file target-v1.cif (mmCIF, C-alpha atoms)
data_model
loop_
_atom_site.group_PDB
_atom_site.id
_atom_site.type_symbol
_atom_site.label_atom_id
_atom_site.label_comp_id
_atom_site.auth_asym_id
_atom_site.auth_seq_id
_atom_site.Cartn_x
_atom_site.Cartn_y
_atom_site.Cartn_z
ATOM 1 C CA MET A 259 89.026 85.873 148.385
ATOM 2 C CA VAL A 260 89.115 83.463 145.435
ATOM 3 C CA GLN A 261 85.998 83.172 143.313
ATOM 4 C CA ASP A 262 85.704 80.388 140.734
ATOM 5 C CA VAL A 263 83.876 81.615 137.634
ATOM 6 C CA THR A 264 82.148 78.248 137.221
ATOM 7 C CA ASP A 265 80.428 78.766 140.575
ATOM 8 C CA PHE A 266 78.671 81.724 138.963
ATOM 9 C CA GLY A 267 77.524 79.835 135.875
ATOM 10 C CA ALA A 268 80.507 80.060 133.508
ATOM 11 C CA VAL A 269 80.754 76.969 131.303
ATOM 12 C CA GLY A 270 84.074 77.296 129.454
ATOM 13 C CA ASP A 271 82.928 75.276 126.444
ATOM 14 C CA SER A 272 84.013 77.913 123.840
ATOM 15 C CA THR A 273 80.414 78.463 122.626
ATOM 16 C CA THR A 274 78.452 79.652 125.688
ATOM 17 C CA ASN A 275 78.695 83.385 126.384
ATOM 18 C CA ASP A 276 80.330 83.490 129.828
ATOM 19 C CA THR A 277 80.585 87.289 130.127
ATOM 20 C CA GLN A 278 77.988 87.844 132.842
ATOM 21 C CA ALA A 279 79.166 84.908 134.947
ATOM 22 C CA ILE A 280 82.720 86.273 134.880
ATOM 23 C CA ARG A 281 81.532 89.745 135.849
ATOM 24 C CA ASP A 282 79.523 88.278 138.729
ATOM 25 C CA ALA A 283 82.612 86.400 139.951
ATOM 26 C CA ALA A 284 84.667 89.594 139.758
ATOM 27 C CA ASP A 285 82.021 91.496 141.743
ATOM 28 C CA ALA A 286 82.187 88.826 144.444
ATOM 29 C CA ALA A 287 85.996 88.672 144.494
ATOM 30 C CA GLY A 288 86.789 92.376 144.463
ATOM 31 C CA PRO A 289 88.430 94.419 145.577
ATOM 32 C CA GLY A 290 91.742 92.636 146.126
ATOM 33 C CA GLY A 291 90.602 89.083 145.406
ATOM 34 C CA THR A 292 91.128 86.505 142.660
ATOM 35 C CA VAL A 293 88.876 85.613 139.746
ATOM 36 C CA TYR A 294 89.799 82.019 138.991
ATOM 37 C CA PHE A 295 89.255 80.261 135.655
ATOM 38 C CA PRO A 296 89.566 76.459 135.677
ATOM 39 C CA ALA A 297 90.629 74.748 132.461
ATOM 40 C CA GLY A 298 88.358 75.634 129.566
ATOM 41 C CA THR A 299 87.714 78.155 126.792
ATOM 42 C CA TYR A 300 85.573 81.023 128.042
ATOM 43 C CA LEU A 301 83.754 82.974 125.344
ATOM 44 C CA VAL A 302 83.200 86.665 126.107
ATOM 45 C CA GLY A 303 81.797 89.607 124.205
ATOM 46 C CA GLU A 304 78.942 87.970 122.333
ATOM 47 C CA ASN A 305 76.624 90.821 123.368
ATOM 48 C CA SER A 306 79.240 93.429 124.263
ATOM 49 C CA ARG A 307 82.352 94.559 122.422
ATOM 50 C CA GLN A 308 83.926 95.605 125.765
ATOM 51 C CA PRO A 309 82.822 92.715 127.984
ATOM 52 C CA LEU A 310 85.030 93.214 131.042
ATOM 53 C CA THR A 311 85.056 97.008 131.263
ATOM 54 C CA TYR A 312 85.851 97.935 134.858
ATOM 55 C CA PRO A 313 82.938 99.285 136.920
ATOM 56 C CA SER A 314 83.006 102.623 138.722
ATOM 57 C CA GLY A 315 83.500 102.734 142.463
ATOM 58 C CA GLY A 316 86.682 100.653 142.706
ATOM 59 C CA ASP A 317 84.911 97.303 143.159
ATOM 60 C CA TRP A 318 87.486 95.535 140.956
ATOM 61 C CA ASP A 319 90.581 97.295 142.310
ATOM 62 C CA GLY A 320 93.502 94.937 142.904
ATOM 63 C CA LEU A 321 91.909 91.931 141.210
ATOM 64 C CA ASN A 322 93.973 88.974 140.041
ATOM 65 C CA TRP A 323 92.545 87.362 136.914
ATOM 66 C CA GLN A 324 94.022 83.866 137.106
ATOM 67 C CA GLY A 325 93.735 80.778 134.954
ATOM 68 C CA GLU A 326 94.737 77.206 135.690
ATOM 69 C CA SER A 327 97.564 77.572 133.155
ATOM 70 C CA HIS A 328 98.002 79.340 129.834
ATOM 71 C CA GLU A 329 97.896 75.945 128.135
ATOM 72 C CA ALA A 330 94.564 75.071 129.749
ATOM 73 C CA THR A 331 92.625 78.322 130.229
ATOM 74 C CA THR A 332 91.584 80.535 127.297
ATOM 75 C CA LEU A 333 89.513 83.701 127.204
ATOM 76 C CA LYS A 334 88.214 84.078 123.660
ATOM 77 C CA MET A 335 86.591 87.166 122.176
ATOM 78 C CA ALA A 336 83.399 86.414 120.287
ATOM 79 C CA GLY A 337 83.670 87.033 116.547
ATOM 80 C CA GLY A 338 81.856 89.565 114.399
ATOM 81 C CA GLN A 339 82.439 92.636 116.570
ATOM 82 C CA PRO A 340 80.701 95.713 115.061
ATOM 83 C CA ASP A 341 83.192 98.322 116.275
ATOM 84 C CA SER A 342 86.445 98.696 118.246
ATOM 85 C CA PHE A 343 86.645 95.899 120.800
ATOM 86 C CA PHE A 344 88.570 95.071 123.977
ATOM 87 C CA ILE A 345 88.253 92.379 126.639
ATOM 88 C CA TRP A 346 89.394 94.446 129.630
ATOM 89 C CA ARG A 347 89.031 98.215 129.629
ATOM 90 C CA GLY A 348 89.346 101.056 132.099
ATOM 91 C CA LYS A 349 87.713 104.276 130.915
ATOM 92 C CA SER A 350 86.600 107.562 132.420
ATOM 93 C CA SER A 351 82.928 106.923 131.712
ATOM 94 C CA ALA A 352 83.106 103.685 133.712
ATOM 95 C CA GLY A 353 85.891 102.717 136.135
ATOM 96 C CA ALA A 354 89.656 102.745 136.340
ATOM 97 C CA ILE A 355 91.970 99.736 136.199
ATOM 98 C CA VAL A 356 93.904 99.876 139.459
ATOM 99 C CA ASP A 357 96.664 97.409 140.434
ATOM 100 C CA ALA A 358 95.498 94.557 138.198
ATOM 101 C CA THR A 359 97.222 91.189 137.751
ATOM 102 C CA PHE A 360 96.712 88.767 134.873
ATOM 103 C CA SER A 361 98.245 85.317 135.248
ATOM 104 C CA GLN A 362 98.166 81.894 133.580
ATOM 105 C CA LEU A 363 95.776 82.969 130.810
ATOM 106 C CA ASP A 364 95.624 82.488 127.036
ATOM 107 C CA ILE A 365 93.878 85.636 125.737
ATOM 108 C CA ASN A 366 92.649 85.054 122.183
ATOM 109 C CA MET A 367 91.178 88.089 120.383
ATOM 110 C CA ASN A 368 89.972 85.860 117.523
ATOM 111 C CA LYS A 369 90.974 88.188 114.674
ATOM 112 C CA GLN A 370 90.256 85.503 112.090
ATOM 113 C CA ASN A 371 86.555 86.058 112.777
ATOM 114 C CA GLN A 372 86.574 89.862 113.209
ATOM 115 C CA PRO A 373 86.119 92.694 110.683
ATOM 116 C CA ALA A 374 89.592 93.582 109.434
ATOM 117 C CA ASP A 375 89.252 97.341 109.895
ATOM 118 C CA GLU A 376 88.196 97.387 113.584
ATOM 119 C CA PRO A 377 90.866 98.118 116.217
ATOM 120 C CA SER A 378 91.259 95.826 119.199
ATOM 121 C CA GLN A 379 93.326 95.456 122.344
ATOM 122 C CA ALA A 380 93.246 92.615 124.856
ATOM 123 C CA ILE A 381 93.715 95.209 127.619
ATOM 124 C CA LEU A 382 93.151 98.929 127.106
ATOM 125 C CA VAL A 383 93.683 101.374 129.968
ATOM 126 C CA GLY A 384 92.178 104.773 129.305
ATOM 127 C CA GLN A 385 91.955 105.462 133.027
ATOM 128 C CA GLY A 386 93.994 103.759 135.707
ATOM 129 C CA SER A 387 96.704 103.853 138.344
ATOM 130 C CA GLY A 388 99.125 101.602 140.184
ATOM 131 C CA THR A 389 100.675 98.623 138.389
ATOM 132 C CA LEU A 390 99.378 96.246 135.766
ATOM 133 C CA LYS A 391 101.161 92.903 136.078
ATOM 134 C CA MET A 392 101.160 90.020 133.609
ATOM 135 C CA ARG A 393 102.638 86.631 134.444
ATOM 136 C CA ASP A 394 102.715 83.519 132.247
ATOM 137 C CA CYS A 395 100.087 84.821 129.833
ATOM 138 C CA ILE A 396 99.657 84.524 126.079
ATOM 139 C CA VAL A 397 98.049 87.371 124.116
ATOM 140 C CA ARG A 398 97.295 86.519 120.488
ATOM 141 C CA ASN A 399 95.270 87.112 117.349
ATOM 142 C CA SER A 400 94.487 90.791 117.854
ATOM 143 C CA ASN A 401 93.555 93.126 114.999
ATOM 144 C CA ALA A 402 95.583 96.012 116.394
ATOM 145 C CA GLY A 403 97.336 95.495 119.738
ATOM 146 C CA GLY A 404 97.902 93.537 122.906
ATOM 147 C CA VAL A 405 98.214 95.882 125.901
ATOM 148 C CA LYS A 406 97.887 99.653 125.561
ATOM 149 C CA ILE A 407 98.060 102.267 128.326
ATOM 150 C CA HIS A 408 96.731 105.797 127.776
ATOM 151 C CA ASP A 409 96.911 106.866 131.437
ATOM 152 C CA THR A 410 99.812 106.282 133.845
ATOM 153 C CA VAL A 411 99.833 102.643 134.930
ATOM 154 C CA ASP A 412 103.211 100.989 135.393
ATOM 155 C CA LEU A 413 103.602 97.815 133.345
ATOM 156 C CA ASP A 414 105.316 94.751 134.823
ATOM 157 C CA ILE A 415 105.358 91.861 132.330
ATOM 158 C CA GLU A 416 107.262 88.602 132.766
ATOM 159 C CA HIS A 417 107.213 85.145 131.158
ATOM 160 C CA CYS A 418 104.554 86.125 128.632
ATOM 161 C CA GLU A 419 104.032 85.586 124.896
ATOM 162 C CA PHE A 420 102.559 87.939 122.300
ATOM 163 C CA ARG A 421 101.676 86.237 119.007
ATOM 164 C CA ASP A 422 100.160 87.425 115.734
ATOM 165 C CA ILE A 423 99.374 90.964 116.829
ATOM 166 C CA GLY A 424 98.000 93.233 114.092
ATOM 167 C CA ARG A 425 97.132 92.603 110.480
ATOM 168 C CA PRO A 426 98.306 94.283 107.262
ATOM 169 C CA ASP A 427 94.753 95.179 106.200
ATOM 170 C CA ASN A 428 94.096 97.118 109.434
ATOM 171 C CA SER A 429 95.043 100.806 109.369
ATOM 172 C CA TYR A 430 95.740 100.715 113.138
ATOM 173 C CA ASN A 431 98.755 98.461 112.477
ATOM 174 C CA GLY A 432 99.791 96.442 115.504
ATOM 175 C CA HIS A 433 101.928 96.899 118.611
ATOM 176 C CA ALA A 434 102.069 94.118 121.180
ATOM 177 C CA ILE A 435 102.830 96.482 124.086
ATOM 178 C CA ASN A 436 102.246 100.243 124.015
ATOM 179 C CA PRO A 437 103.037 102.244 127.190
ATOM 180 C CA ASN A 438 101.478 105.466 125.942
ATOM 181 C CA TYR A 439 101.684 107.357 129.237
ATOM 182 C CA SER A 440 100.215 110.727 130.189
ATOM 183 C CA SER A 441 102.822 111.334 132.931
ATOM 184 C CA SER A 442 105.961 109.618 134.227
ATOM 185 C CA GLY A 443 105.767 105.840 134.507
ATOM 186 C CA THR A 444 107.745 102.639 133.989
ATOM 187 C CA CYS A 445 107.397 99.650 131.664
ATOM 188 C CA ASP A 446 109.364 96.545 132.631
ATOM 189 C CA VAL A 447 109.268 93.581 130.201
ATOM 190 C CA ARG A 448 111.272 90.457 131.081
ATOM 191 C CA ARG A 449 111.647 86.963 129.620
ATOM 192 C CA THR A 450 108.923 87.565 127.069
ATOM 193 C CA LEU A 451 108.450 86.140 123.563
ATOM 194 C CA PHE A 452 107.171 88.096 120.568
ATOM 195 C CA GLU A 453 106.128 86.373 117.341
ATOM 196 C CA ASN A 454 104.813 87.953 114.130
ATOM 197 C CA THR A 455 103.825 91.411 115.316
ATOM 198 C CA ILE A 456 102.785 93.423 112.272
ATOM 199 C CA ALA A 457 104.318 96.788 113.312
ATOM 200 C CA SER A 458 106.516 96.868 116.439
ATOM 201 C CA ASP A 459 106.685 94.618 119.472
ATOM 202 C CA ILE A 460 106.985 97.521 121.922
ATOM 203 C CA ASP A 461 105.941 101.049 120.992
ATOM 204 C CA VAL A 462 107.426 103.289 123.701
ATOM 205 C CA GLY A 463 105.549 106.524 124.291
ATOM 206 C CA ASP A 464 103.480 108.794 122.095
ATOM 207 C CA ASP A 465 104.023 111.974 120.086
ATOM 208 C CA ILE A 466 103.882 114.129 123.232
ATOM 209 C CA ASP A 467 107.262 115.827 123.584
ATOM 210 C CA ALA A 468 107.857 114.874 127.234
ATOM 211 C CA ASP A 469 110.057 112.389 129.107
ATOM 212 C CA TYR A 470 107.248 110.175 130.382
ATOM 213 C CA VAL A 471 108.222 106.542 129.808
ATOM 214 C CA THR A 472 111.167 104.646 131.275
ATOM 215 C CA CYS A 473 111.245 101.201 129.689
ATOM 216 C CA THR A 474 113.385 98.150 130.488
ATOM 217 C CA ILE A 475 113.452 95.118 128.188
ATOM 218 C CA HIS A 476 115.467 92.165 129.521
ATOM 219 C CA ARG A 477 116.008 88.611 128.258
ATOM 220 C CA CYS A 478 113.362 88.807 125.542
ATOM 221 C CA TYR A 479 113.182 87.135 122.140
ATOM 222 C CA SER A 480 111.401 88.369 119.032
ATOM 223 C CA GLU A 481 110.958 86.643 115.692
ATOM 224 C CA GLY A 482 108.946 87.609 112.630
ATOM 225 C CA SER A 483 108.315 91.253 113.574
ATOM 226 C CA PRO A 484 109.630 94.190 111.521
ATOM 227 C CA VAL A 485 110.622 96.247 114.607
ATOM 228 C CA LEU A 486 111.472 95.252 118.169
ATOM 229 C CA VAL A 487 111.239 98.711 119.758
ATOM 230 C CA LYS A 488 109.870 101.960 118.345
ATOM 231 C CA LEU A 489 110.695 105.151 120.262
ATOM 232 C CA ASP A 490 108.310 108.100 120.311
ATOM 233 C CA PRO A 491 108.979 111.557 121.827
ATOM 234 C CA ALA A 492 107.443 110.565 125.201
ATOM 235 C CA ASN A 493 110.280 108.034 125.683
ATOM 236 C CA ALA A 494 112.629 109.130 128.473
ATOM 237 C CA LYS A 495 115.009 106.149 128.407
ATOM 238 C CA THR A 496 114.700 102.620 127.093
ATOM 239 C CA THR A 497 117.221 99.961 128.108
ATOM 240 C CA ILE A 498 117.440 96.657 126.219
ATOM 241 C CA SER A 499 119.655 93.877 127.536
ATOM 242 C CA ASN A 500 120.328 90.198 126.793
ATOM 243 C CA THR A 501 117.737 90.212 124.021
ATOM 244 C CA LYS A 502 117.614 88.748 120.506
ATOM 245 C CA PHE A 503 115.598 90.103 117.578
ATOM 246 C CA VAL A 504 115.154 88.070 114.371
ATOM 247 C CA ALA A 505 113.528 90.397 111.866
ATOM 248 C CA GLY A 506 110.510 89.633 109.729
ATOM 249 C CA SER A 507 109.016 91.640 106.903
ATOM 250 C CA GLY A 508 105.793 92.788 108.594
ATOM 251 C CA GLY A 509 103.982 95.857 107.341
ATOM 252 C CA VAL A 510 106.631 98.579 107.796
ATOM 253 C CA PRO A 511 110.351 98.866 106.996
ATOM 254 C CA SER A 512 112.373 96.577 109.231
ATOM 255 C CA GLY A 513 114.813 97.569 111.924
ATOM 256 C CA GLY A 514 115.541 96.258 115.382
ATOM 257 C CA VAL A 515 115.314 99.645 117.102
ATOM 258 C CA LYS A 516 114.017 102.821 115.486
ATOM 259 C CA SER A 517 112.804 106.272 116.436
ATOM 260 C CA ASN A 518 109.418 107.230 115.081
ATOM 261 C CA ASN A 519 110.274 110.874 114.516
ATOM 262 C CA ASN A 520 113.570 112.009 113.042
ATOM 263 C CA ASP A 521 113.085 115.619 114.118
ATOM 264 C CA ALA A 522 111.641 115.387 117.651
ATOM 265 C CA GLU A 523 113.502 114.553 120.841
ATOM 266 C CA CYS A 524 112.881 110.843 121.428
ATOM 267 C CA GLY A 525 114.852 110.371 124.645
ATOM 268 C CA SER A 526 117.656 107.857 124.889
ATOM 269 C CA ILE A 527 118.298 104.182 124.187
ATOM 270 C CA GLU A 528 120.867 101.897 125.844
ATOM 271 C CA LEU A 529 121.750 98.466 124.453
ATOM 272 C CA ASP A 530 123.639 95.754 126.337
ATOM 273 C CA ASN A 531 124.217 92.330 124.753
ATOM 274 C CA VAL A 532 121.555 92.743 122.057
ATOM 275 C CA GLU A 533 121.596 90.694 118.843
ATOM 276 C CA ILE A 534 119.757 91.911 115.745
ATOM 277 C CA VAL A 535 119.470 89.381 112.914
ATOM 278 C CA GLY A 536 118.205 89.981 109.334
ATOM 279 C CA PRO A 537 116.784 89.841 106.819
ATOM 280 C CA THR A 538 115.734 93.452 107.148
ATOM 281 C CA ASP A 539 114.427 96.100 104.778
ATOM 282 C CA GLY A 540 116.347 98.732 106.697
ATOM 283 C CA PRO A 541 119.170 99.190 109.207
ATOM 284 C CA GLY A 542 119.235 97.229 112.446
ATOM 285 C CA ILE A 543 119.222 100.495 114.397
ATOM 286 C CA LYS A 544 117.710 103.651 112.949
ATOM 287 C CA LEU A 545 117.601 106.691 115.222
ATOM 288 C CA GLY A 546 116.662 110.258 114.482
ATOM 289 C CA ALA A 547 119.040 113.123 115.035
ATOM 290 C CA ALA A 548 117.446 113.931 118.383
ATOM 291 C CA THR A 549 117.773 110.473 119.961
ATOM 292 C CA ASP A 550 120.740 109.671 122.230
#
call {"tool": "encode", "arguments": {"input": "target-v1.cif", "output": "structure tokens"}}
result
Amino acid sequence: MVQDVTDFGAVGDSTTNDTQAIRDAADAAGPGGTVYFPAGTYLVGENSRQPLTYPSGGDWDGLNWQGESHEATTLKMAGGQPDSFFIWRGKSSAGAIVDATFSQLDINMNKQNQPADEPSQAILVGQGSGTLKMRDCIVRNSNAGGVKIHDTVDLDIEHCEFRDIGRPDNSYNGHAINPNYSSSGTCDVRRTLFENTIASDIDVGDDIDADYVTCTIHRCYSEGSPVLVKLDPANAKTTISNTKFVAGSGGVPSGGVKSNNNDAECGSIELDNVEIVGPTDGPGIKLGAATD
């Protein structure tokens, strides 16, 4: 079932707090339905730093959050957040994000009007399952990150853009996509643009010494970031194909592909038709001794 957020009182004028109207539409649509956003700029989070945290009980399982187009529909985080902030979140004290789809949305975290030292993610999964899909979305202006997974939710991202993720005065740095899995899962990123990420575009895995993440990056383009892919010990295998990386200075030493730990086993990396273009402050590929 499709539920239009404006039927529940959302205004989309960039100043009215539309959080409750959007939650009401999601309650009516779920599970398995579509929350539809007509053209407009929908302000969320004016009274909550985690406005679209999933409820317990599975009521939002399988939801599709869909805009009219990413040029026309924006979800904007209200400024002045007092602590860490996220638009969508699945957490153990509330509900899990299960089989979610995000399409045709411009997700603006509004970092210009946030405290510099507070971490943020557009989507943070602390508890979840199934697949999180993104299609034709823009994620931009986040203090710290774009999409981060702490549980095991497969990522399927295509025709998306990640812009201006992270800031040099934030100690959490910035990774556009971070599949930080707790057991085996896949991250598939295709035909996606990265611009001006402060740390790395895709941070594969965590410091857990286990082969958890299998990542595929295909037909992507990155410009202005210091690192395209950073490999942590939880990386099993990352494959990059038909992709171009034009390095920027960012906040860390540059390199197209690097391992984050020179001593730990960081899995393997396979490159096929990948172009890495300077200027860089380091080598195009920098792998530790324990990375194949």
call {"tool": "closest_residue", "arguments": {"input": "target-v1.cif", "among": "A:Thr455, A:Ser517, A:Gln324, A:Asn399", "to": "Gly542 of chain A", "atoms": "all atoms listed in the file"}}
result
A:Ser517
call {"tool": "atom_distance", "arguments": {"input": "target-v1.cif", "atom1": "atom CA of Ser378 of chain A", "atom2": "atom CA of Asp422 of chain A"}}
result
12.7 Å
call {"tool": "closest_atom_pairs", "arguments": {"input": "target-v1.cif", "of": "segment 440-512 of chain A", "to": "segment 520-538 of chain A", "cutoff": "9 Å", "atoms": "only C-alpha atoms", "output": "Markdown table"}}
result
| residue | atom | partner | partner_atom | distance |
| --- | --- | --- | --- | --- |
| A:Gly463 | CA | A:Cys524 | CA | 9.0 |
| A:Asp465 | CA | A:Ala522 | CA | 8.7 |
| A:Asp467 | CA | A:Glu523 | CA | 6.9 |
| A:Ala468 | CA | A:Glu523 | CA | 8.5 |
| A:Asp469 | CA | A:Gly525 | CA | 6.9 |
| A:Pro484 | CA | A:Thr538 | CA | 7.5 |
| A:Leu489 | CA | A:Cys524 | CA | 6.2 |
| A:Asp490 | CA | A:Cys524 | CA | 5.4 |
| A:Pro491 | CA | A:Cys524 | CA | 4.0 |
| A:Ala492 | CA | A:Cys524 | CA | 6.6 |
| A:Asn493 | CA | A:Gly525 | CA | 5.2 |
| A:Ala494 | CA | A:Gly525 | CA | 4.6 |
| A:Lys495 | CA | A:Ser526 | CA | 4.7 |
| A:Thr496 | CA | A:Ile527 | CA | 4.9 |
| A:Thr497 | CA | A:Glu528 | CA | 4.7 |
| A:Ile498 | CA | A:Leu529 | CA | 5.0 |
| A:Ser499 | CA | A:Asp530 | CA | 4.6 |
| A:Asn500 | CA | A:Asn531 | CA | 4.9 |
| A:Thr501 | CA | A:Val532 | CA | 5.0 |
| A:Lys502 | CA | A:Glu533 | CA | 4.7 |
| A:Phe503 | CA | A:Ile534 | CA | 4.9 |
| A:Val504 | CA | A:Val535 | CA | 4.7 |
| A:Ala505 | CA | A:Gly536 | CA | 5.3 |
| A:Gly506 | CA | A:Pro537 | CA | 6.9 |
| A:Ser507 | CA | A:Thr538 | CA | 7.0 |
| A:Pro511 | CA | A:Thr538 | CA | 7.6 |
| A:Ser512 | CA | A:Thr538 | CA | 5.0 |
call {"tool": "resolve_selection", "arguments": {"input": "target-v1.cif", "expression": "the PyMOL selection byres ((chain A and resi 344-346) around 8)", "output": "PyMOL selection string"}}
result
chain A and resi 302-303+307-312+335+342-343+347-348+378-382
call {"tool": "atom_distance", "arguments": {"input": "target-v1.cif", "atom1": "atom CA of Asp317 of chain A", "atom2": "atom CA of Thr359 of chain A"}}
result
14.8 Å
call {"tool": "axis_aligned_box", "arguments": {"input": "target-v1.cif", "around": "segment 434-439 of chain A", "padding_each_side": "6 Å", "output": "JSON"}}
result
{"center_x": 102.3, "center_y": 100.7, "center_z": 125.2, "size_x": 13.6, "size_y": 25.2, "size_z": 20.1}
call {"tool": "atom_distance", "arguments": {"input": "target-v1.cif", "atom1": "atom CA of Tyr300 of chain A", "atom2": "atom CA of Ile280 of chain A"}}
result
9.1 Å
call {"tool": "resolve_selection", "arguments": {"input": "target-v1.cif", "expression": "the PyMOL selection byres ((chain A and resi 356) around 12)", "output": "PDB file with C-alpha atoms, in the frame of the given file"}}
result
ATOM      1  CA  GLY A 288      86.789  92.376 144.463  1.00  0.00           C
ATOM      2  CA  PRO A 289      88.430  94.419 145.577  1.00  0.00           C
ATOM      3  CA  GLY A 290      91.742  92.636 146.126  1.00  0.00           C
ATOM      4  CA  TYR A 312      85.851  97.935 134.858  1.00  0.00           C
ATOM      5  CA  PRO A 313      82.938  99.285 136.920  1.00  0.00           C
ATOM      6  CA  SER A 314      83.006 102.623 138.722  1.00  0.00           C
ATOM      7  CA  GLY A 315      83.500 102.734 142.463  1.00  0.00           C
ATOM      8  CA  GLY A 316      86.682 100.653 142.706  1.00  0.00           C
ATOM      9  CA  ASP A 317      84.911  97.303 143.159  1.00  0.00           C
ATOM     10  CA  TRP A 318      87.486  95.535 140.956  1.00  0.00           C
ATOM     11  CA  ASP A 319      90.581  97.295 142.310  1.00  0.00           C
ATOM     12  CA  GLY A 320      93.502  94.937 142.904  1.00  0.00           C
ATOM     13  CA  LEU A 321      91.909  91.931 141.210  1.00  0.00           C
ATOM     14  CA  ASN A 322      93.973  88.974 140.041  1.00  0.00           C
ATOM     15  CA  ARG A 347      89.031  98.215 129.629  1.00  0.00           C
ATOM     16  CA  GLY A 348      89.346 101.056 132.099  1.00  0.00           C
ATOM     17  CA  LYS A 349      87.713 104.276 130.915  1.00  0.00           C
ATOM     18  CA  GLY A 353      85.891 102.717 136.135  1.00  0.00           C
ATOM     19  CA  ALA A 354      89.656 102.745 136.340  1.00  0.00           C
ATOM     20  CA  ILE A 355      91.970  99.736 136.199  1.00  0.00           C
ATOM     21  CA  ASP A 357      96.664  97.409 140.434  1.00  0.00           C
ATOM     22  CA  ALA A 358      95.498  94.557 138.198  1.00  0.00           C
ATOM     23  CA  THR A 359      97.222  91.189 137.751  1.00  0.00           C
ATOM     24  CA  VAL A 383      93.683 101.374 129.968  1.00  0.00           C
ATOM     25  CA  GLY A 384      92.178 104.773 129.305  1.00  0.00           C
ATOM     26  CA  GLN A 385      91.955 105.462 133.027  1.00  0.00           C
ATOM     27  CA  GLY A 386      93.994 103.759 135.707  1.00  0.00           C
ATOM     28  CA  SER A 387      96.704 103.853 138.344  1.00  0.00           C
ATOM     29  CA  GLY A 388      99.125 101.602 140.184  1.00  0.00           C
ATOM     30  CA  THR A 389     100.675  98.623 138.389  1.00  0.00           C
ATOM     31  CA  LEU A 390      99.378  96.246 135.766  1.00  0.00           C
ATOM     32  CA  LYS A 391     101.161  92.903 136.078  1.00  0.00           C
ATOM     33  CA  ASP A 409      96.911 106.866 131.437  1.00  0.00           C
ATOM     34  CA  THR A 410      99.812 106.282 133.845  1.00  0.00           C
ATOM     35  CA  VAL A 411      99.833 102.643 134.930  1.00  0.00           C
ATOM     36  CA  ASP A 412     103.211 100.989 135.393  1.00  0.00           C
ATOM     37  CA  LEU A 413     103.602  97.815 133.345  1.00  0.00           C
TER      38      LEU A 413
END
call {"tool": "resolve_selection", "arguments": {"input": "target-v1.cif", "expression": "the PyMOL selection byres ((chain A and resi 440) around 8)", "output": "PyMOL selection string"}}
result
chain A and resi 408-410+438-439+441-442+470
call {"tool": "closest_residue", "arguments": {"input": "target-v1.cif", "among": "A:His328, A:Arg393, A:Lys406, A:Arg425", "to": "Ile365 of chain A", "atoms": "only C-alpha atoms"}}
result
A:His328
call {"tool": "closest_residue", "arguments": {"input": "target-v1.cif", "among": "A:Ile396, A:Ala336, A:Val269, A:Met259", "to": "Leu363 of chain A", "atoms": "only C-alpha atoms"}}
result
A:Ile396
call {"tool": "residues_around", "arguments": {"input": "target-v1.cif", "residues": "Gln362 of chain A", "least_positions_apart": "6", "cutoff": "12 Å", "atoms": "all atoms listed in the file", "output": "list of chain:residue names"}}
result
A:Val293, A:Tyr294, A:Phe295, A:Pro296, A:Ala297, A:Asn322, A:Trp323, A:Gln324, A:Gly325, A:Glu326, A:Ser327, A:His328, A:Glu329, A:Ala330, A:Thr331, A:Thr332, A:Leu333, A:Lys391, A:Met392, A:Arg393, A:Asp394, A:Cys395, A:Ile396, A:Val397, A:Glu416, A:His417, A:Cys418, A:Glu419
call {"tool": "closest_residue", "arguments": {"input": "target-v1.cif", "among": "A:Ala284, A:Cys478, A:Leu301, A:Ala279", "to": "Asp446 of chain A", "atoms": "all atoms listed in the file"}}
result
A:Cys478
call {"tool": "closest_residue", "arguments": {"input": "target-v1.cif", "among": "A:Arg398, A:His433, A:Lys334, A:Arg421", "to": "Phe452 of chain A", "atoms": "all atoms listed in the file"}}
result
A:Arg421
call {"tool": "decode", "arguments": {"input": "target-v1.cif", "residues": "segment 401-408 of chain A", "atoms": "N, CA and C atoms", "output": "PDB file, in the first residue's frame"}}
result
ATOM      1  N   ASN A 401      28.082  15.158   8.948  1.00  0.00           N
ATOM      2  CA  ASN A 401      29.264  15.356   9.776  1.00  0.00           C
ATOM      3  C   ASN A 401      30.231  14.185   9.705  1.00  0.00           C
ATOM      4  N   ALA A 402      29.683  12.959   9.707  1.00  0.00           N
ATOM      5  CA  ALA A 402      30.547  11.788   9.857  1.00  0.00           C
ATOM      6  C   ALA A 402      30.374  10.742   8.771  1.00  0.00           C
ATOM      7  N   GLY A 403      29.159  10.376   8.390  1.00  0.00           N
ATOM      8  CA  GLY A 403      28.996   9.289   7.435  1.00  0.00           C
ATOM      9  C   GLY A 403      27.676   9.333   6.698  1.00  0.00           C
ATOM     10  N   GLY A 404      27.558   8.404   5.744  1.00  0.00           N
ATOM     11  CA  GLY A 404      26.329   8.297   4.965  1.00  0.00           C
ATOM     12  C   GLY A 404      25.468   7.131   5.413  1.00  0.00           C
ATOM     13  N   VAL A 405      25.959   5.897   5.142  1.00  0.00           N
ATOM     14  CA  VAL A 405      25.253   4.678   5.527  1.00  0.00           C
ATOM     15  C   VAL A 405      26.230   3.789   6.279  1.00  0.00           C
ATOM     16  N   LYS A 406      25.854   3.384   7.492  1.00  0.00           N
ATOM     17  CA  LYS A 406      26.720   2.538   8.304  1.00  0.00           C
ATOM     18  C   LYS A 406      25.921   1.376   8.862  1.00  0.00           C
ATOM     19  N   ILE A 407      26.485   0.162   8.731  1.00  0.00           N
ATOM     20  CA  ILE A 407      25.827  -1.055   9.198  1.00  0.00           C
ATOM     21  C   ILE A 407      26.667  -1.683  10.299  1.00  0.00           C
ATOM     22  N   HIS A 408      26.084  -1.845  11.486  1.00  0.00           N
ATOM     23  CA  HIS A 408      26.764  -2.525  12.588  1.00  0.00           C
ATOM     24  C   HIS A 408      26.326  -3.980  12.715  1.00  0.00           C
TER      25      HIS A 408
END
